[in-house]
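Asker: The structure under discussion is supplied below as structure tokens; questions concerning it will follow.
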Amino acid sequence: MSYTITDACISCGACAEECPVEAISEGDERYVIDPELCIECGACAGVCPVEAPVAEE
Ligand code: SF4
Ligand code: SF4
């Protein structure tokens with residue numbers, strides 16, 4: 001399991017700066033999280049202005 005970024009993302013880049021394991025990178029239409037790297041710390045969700053990062057069940 002990992003966090004994932006929804007369509008709500010406005011590509012501000014704040015989450016990528018906060019991620020402790022550099023799992024977030026800029027994709028074509030939104031930022032994306034590498035599920036192999038994510039440690040589910042929630043930091044990205046904490047800084048996102050539009051609550052785009054969500055925990056996958
Ligand atoms: Fe990075 Fe933590 Fe967000 Fe996973 S939950 S992408 S480790 S900031
Ligand atoms: Fe997208 Fe939120 Fe990350 Fe900004 S902080 S790039 S809006 S997911």
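By convention here, the chains of the structure tokens are called A, B, ... in the order presented, each chain's residues are numbered starting at 1, and ligands are numbered starting at 1 in the order presented.
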Residues within 7 Å of ligand 1, counting only C-alpha atoms and all ligand atoms: report them as a list in words.
Answerer: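 Selection of residues at most 7 Å from ligand 1: Ser2, Tyr3, Cys15, Glu18, Cys19, Pro20, Val21, Glu22, Ala23, Ile24, Ile33, Leu37, Cys38, Ile39, Glu40, Cys41, Gly42, Ala43, Cys44 and Ala45 of chain A.
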Asker: Go ahead and dump the residues you just picked, all heavy atoms, as a CSV table (one decimal), in the first residue's frame.
Answerer:
chain,number,residue,atom,x,y,z
A,2,SER,N,0.3,2.3,-0.5
A,2,SER,CA,1.0,3.6,-0.5
A,2,SER,C,0.0,4.7,-0.7
A,2,SER,O,-1.2,4.5,-0.8
A,2,SER,CB,2.0,3.6,-1.7
A,2,SER,OG,1.3,3.8,-2.9
A,3,TYR,N,0.6,5.9,-0.7
A,3,TYR,CA,-0.3,7.0,-1.0
A,3,TYR,C,-0.3,7.2,-2.5
A,3,TYR,O,0.6,6.8,-3.2
A,3,TYR,CB,0.3,8.3,-0.4
A,3,TYR,CG,-0.3,8.6,1.1
A,3,TYR,CD1,0.1,7.7,2.1
A,3,TYR,CD2,-1.0,9.7,1.4
A,3,TYR,CE1,-0.4,7.9,3.4
A,3,TYR,CE2,-1.5,9.9,2.7
A,3,TYR,CZ,-1.2,9.0,3.6
A,3,TYR,OH,-1.7,9.2,4.9
A,15,CYS,N,4.3,18.8,-2.3
A,15,CYS,CA,4.5,17.5,-1.8
A,15,CYS,C,5.8,16.9,-2.1
A,15,CYS,O,6.4,16.2,-1.2
A,15,CYS,CB,3.4,16.6,-2.3
A,15,CYS,SG,3.3,16.5,-4.1
A,18,GLU,N,8.4,17.8,0.4
A,18,GLU,CA,8.2,17.3,1.7
A,18,GLU,C,8.5,15.8,1.8
A,18,GLU,O,8.8,15.3,2.9
A,18,GLU,CB,6.8,17.6,2.2
A,18,GLU,CG,6.5,19.0,2.5
A,18,GLU,CD,7.3,19.6,3.6
A,18,GLU,OE1,7.5,18.9,4.6
A,18,GLU,OE2,7.8,20.7,3.5
A,19,CYS,N,8.4,15.1,0.8
A,19,CYS,CA,8.5,13.6,0.9
A,19,CYS,C,10.0,13.2,1.3
A,19,CYS,O,10.9,13.6,0.7
A,19,CYS,CB,8.2,13.0,-0.5
A,19,CYS,SG,8.4,11.2,-0.4
A,20,PRO,N,10.1,12.5,2.4
A,20,PRO,CA,11.4,12.1,3.0
A,20,PRO,C,12.1,11.1,2.2
A,20,PRO,O,13.3,10.9,2.3
A,20,PRO,CB,11.0,11.6,4.4
A,20,PRO,CG,9.6,11.1,4.2
A,20,PRO,CD,8.9,12.0,3.3
A,21,VAL,N,11.4,10.4,1.3
A,21,VAL,CA,12.1,9.3,0.5
A,21,VAL,C,12.1,9.7,-1.0
A,21,VAL,O,12.4,8.8,-1.8
A,21,VAL,CB,11.4,8.0,0.8
A,21,VAL,CG1,11.7,7.5,2.2
A,21,VAL,CG2,9.9,8.0,0.5
A,22,GLU,N,11.7,10.9,-1.3
A,22,GLU,CA,11.7,11.4,-2.7
A,22,GLU,C,10.9,10.4,-3.6
A,22,GLU,O,11.4,10.1,-4.7
A,22,GLU,CB,13.2,11.5,-3.2
A,22,GLU,CG,13.9,12.6,-2.4
A,22,GLU,CD,15.3,12.9,-2.9
A,22,GLU,OE1,15.7,12.3,-4.0
A,22,GLU,OE2,16.0,13.6,-2.3
A,23,ALA,N,9.8,10.0,-3.2
A,23,ALA,CA,8.9,9.1,-3.9
A,23,ALA,C,8.0,9.9,-4.9
A,23,ALA,O,7.4,9.2,-5.8
A,23,ALA,CB,8.0,8.3,-3.0
A,24,ILE,N,8.0,11.2,-4.8
A,24,ILE,CA,7.0,12.0,-5.7
A,24,ILE,C,7.8,12.7,-6.8
A,24,ILE,O,8.8,13.4,-6.6
A,24,ILE,CB,6.3,13.0,-4.8
A,24,ILE,CG1,5.6,12.3,-3.6
A,24,ILE,CG2,5.2,13.7,-5.7
A,24,ILE,CD1,5.0,13.3,-2.6
A,33,ILE,N,3.2,9.4,-7.3
A,33,ILE,CA,3.9,8.8,-6.2
A,33,ILE,C,4.4,7.4,-6.6
A,33,ILE,O,3.6,6.6,-7.1
A,33,ILE,CB,3.0,8.6,-4.9
A,33,ILE,CG1,2.7,10.1,-4.4
A,33,ILE,CG2,3.7,7.8,-3.9
A,33,ILE,CD1,1.7,10.1,-3.3
A,37,LEU,N,8.5,3.2,-3.3
A,37,LEU,CA,9.3,4.1,-2.4
A,37,LEU,C,8.5,4.6,-1.2
A,37,LEU,O,9.0,4.8,-0.2
A,37,LEU,CB,9.9,5.2,-3.2
A,37,LEU,CG,10.9,4.9,-4.3
A,37,LEU,CD1,11.3,6.1,-5.0
A,37,LEU,CD2,12.1,4.1,-3.7
A,38,CYS,N,7.2,4.8,-1.5
A,38,CYS,CA,6.4,5.5,-0.4
A,38,CYS,C,6.3,4.7,0.9
A,38,CYS,O,6.1,3.5,0.9
A,38,CYS,CB,4.9,5.7,-1.0
A,38,CYS,SG,3.8,6.4,0.2
A,39,ILE,N,6.6,5.4,2.0
A,39,ILE,CA,6.5,4.7,3.3
A,39,ILE,C,5.3,5.1,4.1
A,39,ILE,O,5.2,4.9,5.3
A,39,ILE,CB,7.8,5.1,4.2
A,39,ILE,CG1,8.0,6.6,4.3
A,39,ILE,CG2,9.0,4.4,3.5
A,39,ILE,CD1,9.1,7.0,5.3
A,40,GLU,N,4.3,5.8,3.4
A,40,GLU,CA,3.0,6.1,4.0
A,40,GLU,C,3.2,7.1,5.2
A,40,GLU,O,2.4,6.9,6.2
A,40,GLU,CB,2.2,4.9,4.4
A,40,GLU,CG,1.9,4.0,3.2
A,40,GLU,CD,1.1,2.8,3.6
A,40,GLU,OE1,-0.1,2.9,3.9
A,40,GLU,OE2,1.7,1.7,3.7
A,41,CYS,N,4.0,8.0,5.1
A,41,CYS,CA,4.2,8.9,6.3
A,41,CYS,C,3.1,10.0,6.3
A,41,CYS,O,2.9,10.6,7.4
A,41,CYS,CB,5.6,9.6,6.2
A,41,CYS,SG,5.7,10.8,4.9
A,42,GLY,N,2.5,10.3,5.2
A,42,GLY,CA,1.4,11.3,5.2
A,42,GLY,C,1.9,12.7,5.0
A,42,GLY,O,1.0,13.6,5.0
A,43,ALA,N,3.2,12.9,4.9
A,43,ALA,CA,3.7,14.3,4.8
A,43,ALA,C,3.1,15.0,3.6
A,43,ALA,O,2.8,16.2,3.6
A,43,ALA,CB,5.2,14.3,4.7
A,44,CYS,N,3.0,14.3,2.5
A,44,CYS,CA,2.5,14.9,1.2
A,44,CYS,C,1.0,15.4,1.4
A,44,CYS,O,0.7,16.5,1.0
A,44,CYS,CB,2.5,13.9,0.1
A,44,CYS,SG,1.8,12.3,0.4
A,45,ALA,N,0.2,14.6,2.1
A,45,ALA,CA,-1.2,15.0,2.3
A,45,ALA,C,-1.3,16.2,3.2
A,45,ALA,O,-2.1,17.0,3.1
A,45,ALA,CB,-1.9,13.8,2.9
Asker: When the cut-off is 10 Å and you count only C-alpha atoms and all ligand atoms, which residues lie near ligand 2, shown as an MDAnalysis selection string?
Answerer: chainID A and resid 4:19 24:27 29:33 43:54
Asker: DSSP on the backbone: what in chain A comes out alpha helix (DSSP H), as a PyMOL selection string?
Answerer: chain A and resi 14-18+43-47
Asker: Print the selection's residues with N, CA and C atoms to a file, as an mmCIF file, in the first residue's frame.
Answerer:
data_model
loop_
_atom_site.group_PDB
_atom_site.id
_atom_site.type_symbol
_atom_site.label_atom_id
_atom_site.label_comp_id
_atom_site.auth_asym_id
_atom_site.auth_seq_id
_atom_site.Cartn_x
_atom_site.Cartn_y
_atom_site.Cartn_z
ATOM 1 N N ALA A 14 4.560 21.163 -3.920
ATOM 2 C CA ALA A 14 4.827 21.208 -2.478
ATOM 3 C C ALA A 14 5.085 19.825 -1.891
ATOM 4 N N CYS A 15 4.334 18.840 -2.319
ATOM 5 C CA CYS A 15 4.472 17.493 -1.763
ATOM 6 C C CYS A 15 5.834 16.882 -2.063
ATOM 7 N N ALA A 16 6.325 17.105 -3.267
ATOM 8 C CA ALA A 16 7.607 16.526 -3.663
ATOM 9 C C ALA A 16 8.737 17.027 -2.767
ATOM 10 N N GLU A 17 8.638 18.273 -2.330
ATOM 11 C CA GLU A 17 9.668 18.839 -1.459
ATOM 12 C C GLU A 17 9.594 18.245 -0.061
ATOM 13 N N GLU A 18 8.413 17.838 0.371
ATOM 14 C CA GLU A 18 8.225 17.313 1.720
ATOM 15 C C GLU A 18 8.506 15.824 1.848
ATOM 16 N N ALA A 43 3.155 12.946 4.897
ATOM 17 C CA ALA A 43 3.654 14.320 4.786
ATOM 18 C C ALA A 43 3.095 15.037 3.558
ATOM 19 N N CYS A 44 2.968 14.321 2.472
ATOM 20 C CA CYS A 44 2.460 14.933 1.233
ATOM 21 C C CYS A 44 1.023 15.408 1.425
ATOM 22 N N ALA A 45 0.214 14.603 2.079
ATOM 23 C CA ALA A 45 -1.179 14.970 2.312
ATOM 24 C C ALA A 45 -1.250 16.192 3.228
ATOM 25 N N GLY A 46 -0.298 16.283 4.144
ATOM 26 C CA GLY A 46 -0.295 17.394 5.095
ATOM 27 C C GLY A 46 -0.008 18.737 4.472
ATOM 28 N N VAL A 47 0.781 18.768 3.410
ATOM 29 C CA VAL A 47 1.141 20.055 2.800
ATOM 30 C C VAL A 47 0.313 20.373 1.558
#
